[in-house]
$ cat final24.txt   # compact mmCIF, C-alpha atoms and all ligand atoms
# COMPACT_ATOMS: atom_id res chain seq x y z
CA MET A 1 128.05 44.71 136.48
CA ALA A 2 131.02 46.48 134.87
CA ASP A 3 130.67 49.42 137.27
CA ARG A 4 130.99 47.14 140.26
CA LYS A 5 134.27 45.78 138.94
CA ILE A 6 135.80 49.17 139.12
CA LEU A 7 138.15 49.91 141.93
CA TRP A 8 137.74 53.56 142.74
CA LEU A 9 141.04 54.82 143.94
CA CYS A 10 140.52 58.04 145.69
CA ILE A 11 143.55 60.23 146.23
CA LEU A 12 143.24 63.64 147.74
CA ALA A 13 145.12 65.97 145.41
CA GLY A 14 144.93 69.69 145.94
CA ALA A 15 141.35 70.83 145.57
CA GLY A 16 139.76 67.42 145.32
CA PHE A 17 140.10 63.79 144.38
CA VAL A 18 141.52 61.94 141.42
CA TRP A 19 139.75 58.77 140.44
CA ALA A 20 141.26 55.81 138.66
CA SER A 21 139.93 52.53 137.37
CA ALA A 22 141.43 49.18 138.37
CA ASP A 23 143.38 48.96 135.11
CA GLU A 24 145.14 52.18 135.88
CA VAL A 25 146.12 51.49 139.47
CA SER A 26 149.42 49.80 138.73
CA GLY A 27 150.73 52.66 136.56
CA PRO A 28 151.29 55.81 138.56
CA ASP A 29 153.59 56.23 141.51
CA LEU A 30 151.11 56.44 144.36
CA ALA A 31 153.64 58.01 146.66
CA ARG A 32 153.58 61.10 144.45
CA PRO A 33 150.00 62.36 144.14
CA GLU A 34 151.02 64.98 141.57
CA ALA A 35 152.25 62.16 139.31
CA VAL A 36 148.85 60.50 139.65
CA ALA A 37 147.12 63.75 138.76
CA GLU A 38 149.12 63.95 135.55
CA GLU A 39 148.84 60.35 134.45
CA VAL A 40 145.40 59.18 135.49
CA PRO A 41 142.51 60.35 133.37
CA LEU A 42 139.49 61.66 135.20
CA ALA A 43 136.78 59.05 135.49
CA PRO A 44 133.78 60.21 133.49
CA LEU A 45 130.83 61.57 135.43
CA LYS A 46 128.50 59.30 133.47
CA GLN A 47 130.47 56.35 134.77
CA ALA A 48 130.11 57.58 138.34
CA ALA A 49 126.35 57.93 137.83
CA GLY A 50 126.17 54.38 136.47
CA ASP A 51 122.57 53.39 135.91
CA ALA A 52 121.18 55.74 138.60
CA PHE A 53 120.10 58.29 135.97
CA LEU A 54 121.37 59.95 132.80
CA VAL A 55 123.70 62.89 133.37
CA GLY A 56 123.20 65.54 130.74
CA ILE A 57 124.61 68.81 129.53
CA ALA A 58 123.15 71.76 127.61
CA MET A 59 125.08 73.06 124.63
CA ASP A 60 124.70 73.82 120.96
CA SER A 61 126.56 72.45 117.97
CA GLY A 62 127.64 75.95 117.07
CA TYR A 63 126.84 79.54 117.67
CA ARG A 64 126.12 82.14 114.99
CA GLY A 65 127.82 80.10 112.29
CA ARG A 66 130.77 79.01 114.43
CA ALA A 67 131.36 75.37 115.29
CA ALA A 68 131.08 74.18 118.87
CA ASP A 69 134.30 74.93 120.73
CA ALA A 70 136.69 72.03 121.19
CA LEU A 71 136.69 72.36 124.98
CA SER A 72 132.92 71.95 125.21
CA VAL A 73 133.01 69.00 122.84
CA ARG A 74 135.71 67.28 124.87
CA ILE A 75 133.92 67.76 128.20
CA ALA A 76 130.48 66.88 126.87
CA SER A 77 131.59 63.75 125.02
CA THR A 78 133.68 62.48 127.95
CA HIS A 79 131.39 63.07 130.89
CA PHE A 80 127.77 63.20 129.75
CA ASN A 81 125.29 60.78 128.26
CA ALA A 82 122.50 63.21 127.43
CA VAL A 83 122.66 66.49 125.49
CA THR A 84 120.02 69.24 125.46
CA PRO A 85 120.24 71.92 122.78
CA GLU A 86 120.62 75.14 124.76
CA ASN A 87 118.95 77.27 122.09
CA SER A 88 118.91 75.52 118.73
CA MET A 89 115.59 73.68 119.05
CA LYS A 90 113.57 76.56 120.38
CA PRO A 91 110.74 77.70 118.08
CA MET A 92 112.65 80.84 117.12
CA ALA A 93 115.61 78.76 115.91
CA LEU A 94 113.58 76.07 114.14
CA GLN A 95 110.82 78.08 112.48
CA PRO A 96 111.84 81.75 112.28
CA GLU A 97 109.16 82.39 109.65
CA GLU A 98 105.97 80.50 109.10
CA GLY A 99 106.68 77.39 107.05
CA ARG A 100 110.45 78.02 106.87
CA PHE A 101 112.08 75.41 109.07
CA GLU A 102 115.81 75.56 109.77
CA PHE A 103 117.15 72.31 111.14
CA GLY A 104 120.88 72.64 110.38
CA THR A 105 122.21 73.44 113.88
CA ALA A 106 119.79 71.12 115.64
CA ASP A 107 120.55 68.25 113.24
CA ARG A 108 124.27 68.68 113.88
CA LEU A 109 123.76 68.49 117.63
CA VAL A 110 121.68 65.34 117.34
CA ALA A 111 124.40 63.79 115.14
CA MET A 112 127.11 64.81 117.61
CA ALA A 113 125.18 63.34 120.54
CA GLU A 114 124.72 60.08 118.64
CA GLU A 115 128.42 59.96 117.85
CA TRP A 116 129.21 60.29 121.57
CA GLY A 117 126.62 57.67 122.54
CA ALA A 118 124.60 60.36 124.32
CA GLU A 119 120.82 60.82 124.19
CA PRO A 120 119.71 64.00 122.47
CA ILE A 121 116.91 65.72 124.41
CA GLY A 122 114.24 67.89 122.78
CA HIS A 123 113.88 71.43 124.18
CA CYS A 124 111.30 72.92 123.73
CA LEU A 125 108.06 72.98 121.72
CA VAL A 126 105.60 75.41 123.34
CA TRP A 127 106.93 78.40 125.30
CA HIS A 128 106.13 82.08 125.79
CA SER A 129 109.74 83.04 125.14
CA GLN A 130 112.12 82.62 122.17
CA THR A 131 109.07 82.05 120.00
CA PRO A 132 108.63 84.30 116.96
CA ARG A 133 105.76 86.76 117.10
CA TRP A 134 104.29 85.51 113.82
CA PHE A 135 102.86 82.50 115.70
CA PHE A 136 100.46 84.87 117.44
CA ARG A 137 99.56 87.27 114.65
CA GLY A 138 96.61 86.67 112.34
CA PRO A 139 96.67 87.38 108.58
CA ASP A 140 95.12 90.78 109.21
CA GLY A 141 97.75 91.74 111.79
CA GLU A 142 95.26 91.22 114.61
CA PRO A 143 95.86 88.69 117.38
CA VAL A 144 95.62 85.17 116.01
CA ASP A 145 92.38 83.25 116.61
CA ARG A 146 92.18 79.91 118.40
CA ALA A 147 91.81 77.76 115.29
CA LEU A 148 94.84 79.22 113.53
CA ALA A 149 96.97 79.15 116.70
CA LEU A 150 96.12 75.46 117.17
CA GLN A 151 96.89 74.74 113.55
CA ARG A 152 100.30 76.45 113.82
CA MET A 153 101.04 74.61 117.04
CA ARG A 154 100.16 71.30 115.39
CA THR A 155 102.30 71.99 112.32
CA HIS A 156 105.28 72.98 114.45
CA ILE A 157 105.03 70.02 116.80
CA ALA A 158 104.27 67.45 114.09
CA THR A 159 107.17 68.67 111.93
CA VAL A 160 109.74 68.94 114.70
CA VAL A 161 108.85 65.85 116.75
CA GLY A 162 108.28 63.90 113.52
CA ARG A 163 111.74 64.79 112.20
CA TYR A 164 113.49 63.39 115.28
CA LYS A 165 111.13 60.48 115.91
CA GLY A 166 113.07 57.53 117.27
CA LYS A 167 116.16 59.72 117.85
CA ILE A 168 114.90 62.12 120.49
CA LYS A 169 113.28 60.10 123.25
CA GLN A 170 112.46 62.92 125.68
CA TRP A 171 110.74 66.19 124.83
CA ASP A 172 110.11 69.31 126.89
CA VAL A 173 106.67 69.83 125.40
CA VAL A 174 105.41 72.83 127.35
CA ASN A 175 107.88 75.14 129.07
CA GLU A 176 107.09 77.53 131.93
CA ALA A 177 103.30 77.71 131.77
CA ILE A 178 102.81 78.39 135.48
CA ASP A 179 102.45 81.96 136.71
CA ASP A 180 104.99 83.27 139.24
CA GLY A 181 102.51 85.39 141.20
CA PRO A 182 100.39 84.38 144.18
CA ARG A 183 97.03 84.03 142.42
CA ALA A 184 96.82 82.95 138.79
CA LEU A 185 97.62 79.33 137.98
CA LEU A 186 98.75 79.97 134.42
CA ARG A 187 101.12 82.56 133.04
CA ARG A 188 99.58 84.97 130.56
CA SER A 189 101.48 83.38 127.72
CA PRO A 190 100.50 84.37 124.18
CA TRP A 191 99.56 80.69 123.76
CA LEU A 192 97.07 80.99 126.63
CA GLU A 193 95.65 84.15 125.17
CA ALA A 194 95.30 82.68 121.70
CA ILE A 195 93.98 79.22 122.55
CA GLY A 196 92.77 79.19 126.13
CA GLU A 197 93.69 76.98 129.09
CA ASP A 198 93.61 73.76 127.10
CA TYR A 199 96.67 74.80 125.06
CA ILE A 200 98.81 72.69 127.38
CA ALA A 201 96.71 69.55 126.98
CA GLU A 202 96.56 70.10 123.22
CA ALA A 203 100.34 70.43 122.96
CA PHE A 204 100.90 67.14 124.78
CA ARG A 205 98.32 65.36 122.63
CA MET A 206 99.96 66.66 119.46
CA ALA A 207 103.42 65.59 120.62
CA HIS A 208 102.12 62.15 121.53
CA ALA A 209 100.49 61.78 118.14
CA ALA A 210 103.78 62.72 116.45
CA ASP A 211 105.83 60.19 118.48
CA PRO A 212 103.87 57.82 120.73
CA ASP A 213 107.10 56.44 122.22
CA ALA A 214 108.60 59.73 123.38
CA VAL A 215 108.68 60.67 127.07
CA LEU A 216 106.77 63.94 127.27
CA ILE A 217 107.84 66.44 129.90
CA TYR A 218 106.19 69.46 131.50
CA ASN A 219 109.19 71.72 132.26
CA ASP A 220 109.33 74.78 134.53
CA TYR A 221 111.53 76.76 136.90
CA GLY A 222 110.75 77.26 140.58
CA ILE A 223 108.40 74.28 140.75
CA GLU A 224 110.86 72.61 143.11
CA GLU A 225 109.88 75.27 145.68
CA ARG A 226 106.67 75.27 147.66
CA HIS A 227 104.85 78.25 146.16
CA LYS A 228 105.00 76.95 142.59
CA ARG A 229 104.94 73.27 143.49
CA GLU A 230 101.35 73.50 144.69
CA LYS A 231 100.29 75.01 141.39
CA ALA A 232 102.33 72.50 139.41
CA VAL A 233 100.74 69.59 141.25
CA ARG A 234 97.29 71.08 140.57
CA LEU A 235 98.05 71.52 136.87
CA LEU A 236 99.62 68.10 136.41
CA ARG A 237 96.91 66.29 138.34
CA SER A 238 94.27 67.92 136.18
CA LEU A 239 96.13 66.93 132.99
CA LEU A 240 96.50 63.35 134.20
CA ASP A 241 92.81 63.21 135.21
CA GLN A 242 91.91 64.21 131.66
CA GLY A 243 94.08 61.44 130.28
CA VAL A 244 96.60 63.84 128.77
CA PRO A 245 99.86 62.04 127.83
CA VAL A 246 102.24 63.80 130.21
CA HIS A 247 104.90 61.43 131.49
CA ALA A 248 107.42 63.45 133.43
CA VAL A 249 107.95 66.74 135.16
CA GLY A 250 111.10 68.73 134.48
CA MET A 251 112.36 70.78 137.39
CA GLN A 252 114.75 73.26 135.80
CA CYS A 253 116.70 73.94 139.03
CA HIS A 254 118.41 77.25 138.31
CA TRP A 255 119.71 77.73 141.81
CA ARG A 256 121.75 80.10 143.91
CA MET A 257 123.93 79.35 146.90
CA GLU A 258 121.30 80.34 149.44
CA ARG A 259 118.18 79.01 147.78
CA PRO A 260 116.21 76.89 147.43
CA ASP A 261 116.18 74.82 150.56
CA LEU A 262 117.04 71.27 149.46
CA ALA A 263 114.47 69.82 151.87
CA GLU A 264 111.81 71.64 149.87
CA VAL A 265 113.20 70.26 146.64
CA GLU A 266 113.04 66.76 148.10
CA GLU A 267 109.40 67.32 149.09
CA SER A 268 108.67 68.33 145.51
CA ILE A 269 110.31 65.24 144.05
CA LYS A 270 108.12 63.11 146.31
CA ALA A 271 104.98 65.06 145.41
CA TYR A 272 105.54 64.59 141.67
CA ALA A 273 106.44 60.94 142.10
CA GLU A 274 103.18 60.44 143.98
CA LEU A 275 101.34 61.62 140.88
CA GLY A 276 102.99 58.75 139.06
CA LEU A 277 105.32 61.00 137.09
CA GLN A 278 109.00 60.58 136.42
CA VAL A 279 111.15 63.50 137.55
CA MET A 280 113.84 65.07 135.38
CA ILE A 281 116.29 67.67 136.64
CA THR A 282 116.51 69.53 133.36
CA GLU A 283 118.63 72.69 133.74
CA LEU A 284 120.69 72.56 136.91
CA ASP A 285 123.17 75.30 137.71
CA ILE A 286 124.20 76.94 140.98
CA GLY A 287 125.17 80.58 140.57
CA VAL A 288 127.36 82.21 143.20
CA LEU A 289 126.57 85.86 142.41
CA PRO A 290 124.02 88.04 144.21
CA THR A 291 120.70 88.73 142.46
CA HIS A 292 117.42 90.27 143.49
CA TYR A 293 115.36 88.25 141.03
CA SER A 294 115.43 84.59 141.97
CA GLY A 295 113.40 83.05 139.12
CA ALA A 296 114.55 82.07 135.64
CA ASP A 297 112.22 83.91 133.27
CA VAL A 298 114.63 84.73 130.45
CA GLY A 299 112.80 88.00 129.75
CA ARG A 300 113.87 89.48 133.11
CA GLN A 301 116.92 91.75 133.24
CA GLU A 302 118.45 93.68 136.12
CA SER A 303 121.20 96.25 135.93
CA MET A 304 124.23 96.72 138.16
CA GLN A 305 123.75 100.51 138.13
CA GLY A 306 127.12 101.46 139.50
CA ARG A 307 127.13 98.63 142.05
CA GLU A 308 129.61 96.51 140.08
CA ALA A 309 131.82 95.75 143.07
CA VAL A 310 128.92 94.26 145.01
CA MET A 311 127.06 92.63 142.14
CA ASN A 312 130.11 91.25 140.28
CA PRO A 313 132.52 90.45 143.10
CA TYR A 314 134.57 87.60 141.58
CA ARG A 315 135.72 89.13 138.29
CA ASP A 316 139.30 88.12 139.01
CA GLY A 317 138.64 84.65 140.36
CA LEU A 318 136.57 82.68 142.81
CA PRO A 319 137.91 82.54 146.39
CA ASP A 320 138.63 79.00 147.43
CA VAL A 321 136.25 79.21 150.37
CA VAL A 322 133.35 79.99 148.01
CA ALA A 323 134.42 77.20 145.64
CA GLN A 324 134.28 74.78 148.57
CA GLN A 325 130.81 75.98 149.66
CA HIS A 326 129.65 75.67 146.06
CA ALA A 327 131.01 72.12 145.93
CA GLU A 328 129.24 71.24 149.15
CA ARG A 329 125.92 72.45 147.79
CA TYR A 330 126.40 70.34 144.65
CA ARG A 331 127.35 67.37 146.82
CA GLN A 332 124.18 67.67 148.88
CA ALA A 333 122.04 68.12 145.78
CA PHE A 334 123.44 65.03 144.03
CA ALA A 335 123.28 62.95 147.21
CA MET A 336 119.59 63.83 147.38
CA PHE A 337 119.02 63.10 143.67
CA HIS A 338 120.76 59.79 144.15
CA ARG A 339 118.43 58.88 147.03
CA HIS A 340 115.53 59.37 144.61
CA ARG A 341 117.13 57.68 141.62
CA ASP A 342 114.14 55.33 141.33
CA VAL A 343 112.00 58.26 140.11
CA ILE A 344 114.66 60.54 138.60
CA GLY A 345 115.41 59.76 134.98
CA ARG A 346 118.00 62.41 134.20
CA VAL A 347 120.01 65.22 135.76
CA THR A 348 121.13 67.80 133.20
CA LEU A 349 123.52 70.69 133.85
CA TRP A 350 122.74 73.92 132.03
CA GLY A 351 126.10 74.70 130.45
CA VAL A 352 129.37 72.89 129.85
CA HIS A 353 131.77 75.09 131.83
CA ASP A 354 131.75 78.40 133.71
CA GLY A 355 132.65 80.38 130.61
CA ARG A 356 129.63 79.03 128.71
CA SER A 357 126.97 79.57 131.35
CA TRP A 358 123.99 81.80 130.61
CA LEU A 359 124.28 83.11 134.20
CA ASN A 360 127.18 85.33 133.08
CA HIS A 361 124.42 87.34 131.37
CA PHE A 362 121.30 86.61 133.41
CA PRO A 363 119.64 88.37 135.10
CA ILE A 364 122.48 90.92 134.82
CA ARG A 365 124.62 91.19 131.71
CA GLY A 366 128.40 91.02 131.71
CA ARG A 367 129.22 89.33 135.02
CA THR A 368 131.63 86.53 135.89
CA ASP A 369 129.76 83.64 137.47
CA TYR A 370 131.00 80.19 138.46
CA PRO A 371 127.93 77.91 138.37
CA MET A 372 129.21 74.76 136.65
CA LEU A 373 131.36 71.73 137.43
CA PHE A 374 134.20 72.78 135.09
CA ASP A 375 136.10 76.08 135.08
CA ARG A 376 136.78 78.38 132.15
CA GLN A 377 139.82 76.31 131.15
CA GLY A 378 137.73 73.14 131.22
CA GLU A 379 139.35 71.87 134.41
CA PRO A 380 137.15 70.04 136.92
CA LYS A 381 136.30 72.17 139.96
CA PRO A 382 135.78 71.07 143.56
CA ALA A 383 132.09 70.82 142.62
CA PHE A 384 132.91 68.11 140.06
CA PHE A 385 134.67 65.95 142.64
CA ALA A 386 131.88 66.57 145.14
CA VAL A 387 129.33 65.31 142.62
CA VAL A 388 131.39 62.22 141.84
CA GLU A 389 131.68 61.56 145.56
CA ALA A 390 127.93 61.92 146.04
CA LEU A 391 127.26 59.49 143.19
CA GLN A 392 129.68 56.77 144.26
CA PRO A 393 130.96 55.59 147.59
CA PRO A 394 134.70 56.49 147.66
CA ILE A 395 135.86 52.88 147.58
CA ALA A 396 133.65 50.17 146.10
CA LEU A 397 135.67 47.00 145.80
CA ALA A 398 134.89 44.38 143.20
CA GLU A 399 132.76 41.46 144.31
C1 LIG B 401 118.51 80.23 128.08
C2 LIG B 401 119.83 80.02 127.35
O1 LIG B 401 120.73 79.38 128.21
C3 LIG B 401 120.39 81.36 126.90
O2 LIG B 401 121.54 81.15 126.07
C4 LIG B 401 119.35 82.14 126.12
O3 LIG B 401 119.85 83.43 125.82
C5 LIG B 401 118.06 82.27 126.91
O4 LIG B 401 117.61 80.97 127.30
N1 LIG B 401 114.84 78.22 131.04
C6 LIG B 401 114.88 77.51 129.87
C7 LIG B 401 116.05 77.64 128.97
O5 LIG B 401 114.01 76.67 129.64
O6 LIG B 401 115.72 77.47 127.62
C8 LIG B 401 116.76 78.97 129.16
O7 LIG B 401 117.94 78.97 128.36
C9 LIG B 401 117.06 79.20 130.62
C10 LIG B 401 115.80 79.23 131.44
$ encode --input "final24.txt" --output "structure tokens"
Amino acid sequence: MADRKILWLCILAGAGFVWASADEVSGPDLARPEAVAEEVPLAPLKQAAGDAFLVGIAMDSGYRGRAADALSVRIASTHFNAVTPENSMKPMALQPEEGRFEFGTADRLVAMAEEWGAEPIGHCLVWHSQTPRWFFRGPDGEPVDRALALQRMRTHIATVVGRYKGKIKQWDVVNEAIDDGPRALLRRSPWLEAIGEDYIAEAFRMAHAADPDAVLIYNDYGIEERHKREKAVRLLRSLLDQGVPVHAVGMQCHWRMERPDLAEVEESIKAYAELGLQVMITELDIGVLPTHYSGADVGRQESMQGREAVMNPYRDGLPDVVAQQHAERYRQAFAMFHRHRDVIGRVTLWGVHDGRSWLNHFPIRGRTDYPMLFDRQGEPKPAFFAVVEALQPPIALAE
């Protein structure tokens, strides 16, 4: 295997390691680590992951008419072999008005991913958020009835999945259907209200009809933790019992430094695997800022209310000690994912670098967070090297 032939030369340089392939070993002066750092290109993350699982990134091909920034393009094309559109395939982006589909931005991202040899991922078809209100309004302005809601769902799914058939091989079909509270199984999504509990099964059947070869994912946040895992298992088991074509579970994994407990996450991976499902880590990030709200419902907002110093403590930079703790958490997470690589198909990071992370605005607007593997200048952080280390033994000599 090509990967095996690679001599990983690991040189401690400042904050982390520099990796080089066998071809590059003879070049730099090894007595001067700073010379190595300048001359040796960083080994791509996708190379470190090998065939364990795909490593993905979320981004868009442009934002409000602007092209994707060069930094994001460079990082994404070098290090990742899967690309999820962060916003451009959501119902609001693709069908802002009934029957008026806008595929420009999404098409560009799919083309970019193909150019880089990365798999474009579909996100997402049926969700309570970032979905225009017209989906749920009847012709008379009253709430839509079941038949019309199903018809609109079918048109949307058939058109979108059909357009990318054969190009997009994994779809987040239903996003965030599980309720956060202690009692109800399902969130009171407008889809639930319009169609009833079988809206989830219907969505998967429609997606399967549109592309029988696509891997269909149920995606949610918090289902890697116990309280939502039990509900997720109940929901997924019932779908599978009914013969619904659900193939994988997407654990979003929007994390903080202190939670969740990785042992709980590992339990969840095993529980989903026992159902016979593949597991995808679909939206990983690890924020370092304090928050009260620990979920990832995009509709939630908190305010700093004069507590800026406490709630936005790293405006001028991240202390090295925190960067190291952050790296250690990433290392442990990826070591655990790697242990379960037989059931994990993909690990996607939700944002290219710290400056492009949604956590700078969620759940509090206007903060400076540091959740990703690359900093605002696009430089790899200690977390990057920790992930590489977790994915590959430091020195694997050729056989
Ligand atoms: C987020 C995007 O990152 C933001 O840019 C946007 O403003 C709101 O949505 N769960 C999901 C993602 O499934 O689609 C969300 O993405 C983050 C939470």
$ closest_residue --input "final24.txt" --among "A:Ala333, A:Ile364, A:Cys124, A:Met251" --to "Phe204 in chain A" --atoms "all atoms listed in the file"
A:Cys124
$ atom_distance --input "final24.txt" --atom1 "CA of Pro371 in chain A" --atom2 "atom O4 of ligand LIG 401 (chain B)"
15.4 Å
$ residues_near_ligand --input "final24.txt" --ligand "ligand LIG 401 (chain B)" --cutoff "9 Å" --atoms "all atoms listed in the file" --output "PyMOL selection string"
chain A and resi 58-59+85-87+90+123-124+127+129-130+172+175-176+219-221+252+254+282-283+295-299+350-351+356-359+361-362
$ write_last_selection --input "final24.txt" --atoms "C-alpha atoms" --output "PDB file, in the coordinates of the input"
ATOM      1  CA  ALA A  58     123.150  71.760 127.610  1.00  0.00           C
ATOM      2  CA  MET A  59     125.080  73.060 124.630  1.00  0.00           C
ATOM      3  CA  PRO A  85     120.240  71.920 122.780  1.00  0.00           C
ATOM      4  CA  GLU A  86     120.620  75.140 124.760  1.00  0.00           C
ATOM      5  CA  ASN A  87     118.950  77.270 122.090  1.00  0.00           C
ATOM      6  CA  LYS A  90     113.570  76.560 120.380  1.00  0.00           C
ATOM      7  CA  HIS A 123     113.880  71.430 124.180  1.00  0.00           C
ATOM      8  CA  CYS A 124     111.300  72.920 123.730  1.00  0.00           C
ATOM      9  CA  TRP A 127     106.930  78.400 125.300  1.00  0.00           C
ATOM     10  CA  SER A 129     109.740  83.040 125.140  1.00  0.00           C
ATOM     11  CA  GLN A 130     112.120  82.620 122.170  1.00  0.00           C
ATOM     12  CA  ASP A 172     110.110  69.310 126.890  1.00  0.00           C
ATOM     13  CA  ASN A 175     107.880  75.140 129.070  1.00  0.00           C
ATOM     14  CA  GLU A 176     107.090  77.530 131.930  1.00  0.00           C
ATOM     15  CA  ASN A 219     109.190  71.720 132.260  1.00  0.00           C
ATOM     16  CA  ASP A 220     109.330  74.780 134.530  1.00  0.00           C
ATOM     17  CA  TYR A 221     111.530  76.760 136.900  1.00  0.00           C
ATOM     18  CA  GLN A 252     114.750  73.260 135.800  1.00  0.00           C
ATOM     19  CA  HIS A 254     118.410  77.250 138.310  1.00  0.00           C
ATOM     20  CA  THR A 282     116.510  69.530 133.360  1.00  0.00           C
ATOM     21  CA  GLU A 283     118.630  72.690 133.740  1.00  0.00           C
ATOM     22  CA  GLY A 295     113.400  83.050 139.120  1.00  0.00           C
ATOM     23  CA  ALA A 296     114.550  82.070 135.640  1.00  0.00           C
ATOM     24  CA  ASP A 297     112.220  83.910 133.270  1.00  0.00           C
ATOM     25  CA  VAL A 298     114.630  84.730 130.450  1.00  0.00           C
ATOM     26  CA  GLY A 299     112.800  88.000 129.750  1.00  0.00           C
ATOM     27  CA  TRP A 350     122.740  73.920 132.030  1.00  0.00           C
ATOM     28  CA  GLY A 351     126.100  74.700 130.450  1.00  0.00           C
ATOM     29  CA  ARG A 356     129.630  79.030 128.710  1.00  0.00           C
ATOM     30  CA  SER A 357     126.970  79.570 131.350  1.00  0.00           C
ATOM     31  CA  TRP A 358     123.990  81.800 130.610  1.00  0.00           C
ATOM     32  CA  LEU A 359     124.280  83.110 134.200  1.00  0.00           C
ATOM     33  CA  HIS A 361     124.420  87.340 131.370  1.00  0.00           C
ATOM     34  CA  PHE A 362     121.300  86.610 133.410  1.00  0.00           C
TER      35      PHE A 362
END
$ atom_distance --input "final24.txt" --atom1 "CA of Met112 in chain A" --atom2 "CA of Ala386 in chain A"
28.0 Å
$ closest_residue --input "final24.txt" --among "A:His353, A:Arg259, A:Lys228, A:Arg367" --to "Pro380 in chain A" --atoms "all atoms listed in the file"
A:His353
$ residues_around --input "final24.txt" --residues "Asp179 in chain A" --least-positions-apart "4" --cutoff "12 Å" --atoms "all atoms listed in the file" --output "list in words"
His128, Asn175, Arg183, Ala184, Leu185, Leu186, Arg187, Arg188, Ser189, Leu192, Asp220, Tyr221, Gly222, Ile223, His227, Lys228, Arg229, Glu230, Lys231, Ala232, Leu235, Gly295 and Asp297 of chain A
$ write_last_selection --input "final24.txt" --atoms "C-alpha atoms" --output "PDB file, in the frame of the given file"
ATOM      1  CA  HIS A 128     106.130  82.080 125.790  1.00  0.00           C
ATOM      2  CA  ASN A 175     107.880  75.140 129.070  1.00  0.00           C
ATOM      3  CA  ARG A 183      97.030  84.030 142.420  1.00  0.00           C
ATOM      4  CA  ALA A 184      96.820  82.950 138.790  1.00  0.00           C
ATOM      5  CA  LEU A 185      97.620  79.330 137.980  1.00  0.00           C
ATOM      6  CA  LEU A 186      98.750  79.970 134.420  1.00  0.00           C
ATOM      7  CA  ARG A 187     101.120  82.560 133.040  1.00  0.00           C
ATOM      8  CA  ARG A 188      99.580  84.970 130.560  1.00  0.00           C
ATOM      9  CA  SER A 189     101.480  83.380 127.720  1.00  0.00           C
ATOM     10  CA  LEU A 192      97.070  80.990 126.630  1.00  0.00           C
ATOM     11  CA  ASP A 220     109.330  74.780 134.530  1.00  0.00           C
ATOM     12  CA  TYR A 221     111.530  76.760 136.900  1.00  0.00           C
ATOM     13  CA  GLY A 222     110.750  77.260 140.580  1.00  0.00           C
ATOM     14  CA  ILE A 223     108.400  74.280 140.750  1.00  0.00           C
ATOM     15  CA  HIS A 227     104.850  78.250 146.160  1.00  0.00           C
ATOM     16  CA  LYS A 228     105.000  76.950 142.590  1.00  0.00           C
ATOM     17  CA  ARG A 229     104.940  73.270 143.490  1.00  0.00           C
ATOM     18  CA  GLU A 230     101.350  73.500 144.690  1.00  0.00           C
ATOM     19  CA  LYS A 231     100.290  75.010 141.390  1.00  0.00           C
ATOM     20  CA  ALA A 232     102.330  72.500 139.410  1.00  0.00           C
ATOM     21  CA  LEU A 235      98.050  71.520 136.870  1.00  0.00           C
ATOM     22  CA  GLY A 295     113.400  83.050 139.120  1.00  0.00           C
ATOM     23  CA  ASP A 297     112.220  83.910 133.270  1.00  0.00           C
TER      24      ASP A 297
END
$ atom_distance --input "final24.txt" --atom1 "CA of Ile344 in chain A" --atom2 "CA of Val322 in chain A"
28.6 Å
$ closest_residue --input "final24.txt" --among "A:Ala203, A:Val160, A:Met311, A:Leu262" --to "Phe103 in chain A" --atoms "all atoms listed in the file"
A:Val160
$ residues_around --input "final24.txt" --residues "Leu289 in chain A" --least-positions-apart "4" --cutoff "8 Å" --atoms "all atoms listed in the file" --output "PyMOL selection string"
chain A and resi 256+311-313+369
$ residues_around --input "final24.txt" --residues "Asp213 in chain A" --least-positions-apart "5" --cutoff "8 Å" --atoms "only C-alpha atoms" --output "PyMOL selection string"
chain A and resi 166+169+208
$ closest_residue --input "final24.txt" --among "A:Leu54, A:Ala201, A:Leu236, A:Ala43" --to "Phe385 in chain A" --atoms "all atoms listed in the file"
A:Ala43
